[in-house]
Amino acid sequence: MDTITPERRSRLMAKIRGKDTEPEIIVRKRLFACGWRFRVCDKRFKGKPDIVIPKAKTIIDVRGCFWHRHGCKDSTMPKSNIAFWMEKWSKNVKRDHRNEQAWRDAS
């Protein structure tokens with residue numbers, strides 16, 4: 001059972017960003033410091049990958065443990081609305097696989 005009100009939960013979830021997240025910024029800063037130049041959320045590719053390095057023909061998609069379910073210990077499970085989350089994660093993983101395949105086919 002959720003311990004906070006639906007209105008507060010809604011406000012918290014609305015603050016979750018789709019781009020410019022802390023892990024993405026860390027990766028971008030390190031790439032830039034190493035001399036790599038890149039594009040962010042390049043619309044030319046399906047799914048708008050987080051980082052595209054055209055010179056190296058490389059795509060980097062920074063994925064969070066919670067949203068993309070890659071199976072580490074940080075992939076926590078909410079205590080409420082489990083059916084919703086299972087469906088949401090299943091769709092995220094399927095979308096990730098479709099995007100990866102589209103990126104491979106584009107190269």
# chains A, B, ... in the order shown; residues from 1 in each chain; ligands from 1
>>> select_by_dssp(residues="chain A", states="helix (DSSP H, G or I)", output="number ranges by chain")
A: 6-14, 22-33, 54-56, 65-68, 82-106
>>> closest_atom_pairs(of="range 48-88 of chain A", to="range 22-28 of chain A", cutoff="8 Å", atoms="only C-alpha atoms", output="JSON lines")
{"residue": "A:Asp50", "atom": "CA", "partner": "A:Glu24", "partner_atom": "CA", "distance": 7.3}
{"residue": "A:Ile51", "atom": "CA", "partner": "A:Arg28", "partner_atom": "CA", "distance": 7.7}
{"residue": "A:Val62", "atom": "CA", "partner": "A:Glu24", "partner_atom": "CA", "distance": 6.1}
>>> write_last_selection(atoms="C-alpha atoms", output="JSON list (two decimals), in the first residue's frame")
[["chain", "number", "residue", "atom", "x", "y", "z"],
["A", 50, "ASP", "CA", 20.57, 9.71, -25.23],
["A", 51, "ILE", "CA", 23.97, 10.24, -26.89],
["A", 62, "VAL", "CA", 21.88, 5.52, -20.58]]
>>> atom_distance(atom1="CA of Pro54 in chain A", atom2="CA of Cys34 in chain A")
15.3 Å
>>> closest_residue(among="A:Lys15, A:Asp2, A:Phe38, A:Cys65", to="Val52 in chain A", atoms="only C-alpha atoms")
A:Phe38
>>> closest_residue(among="A:Arg37, A:Lys29, A:Lys19, A:Arg9", to="Asp61 in chain A", atoms="only C-alpha atoms")
A:Lys19
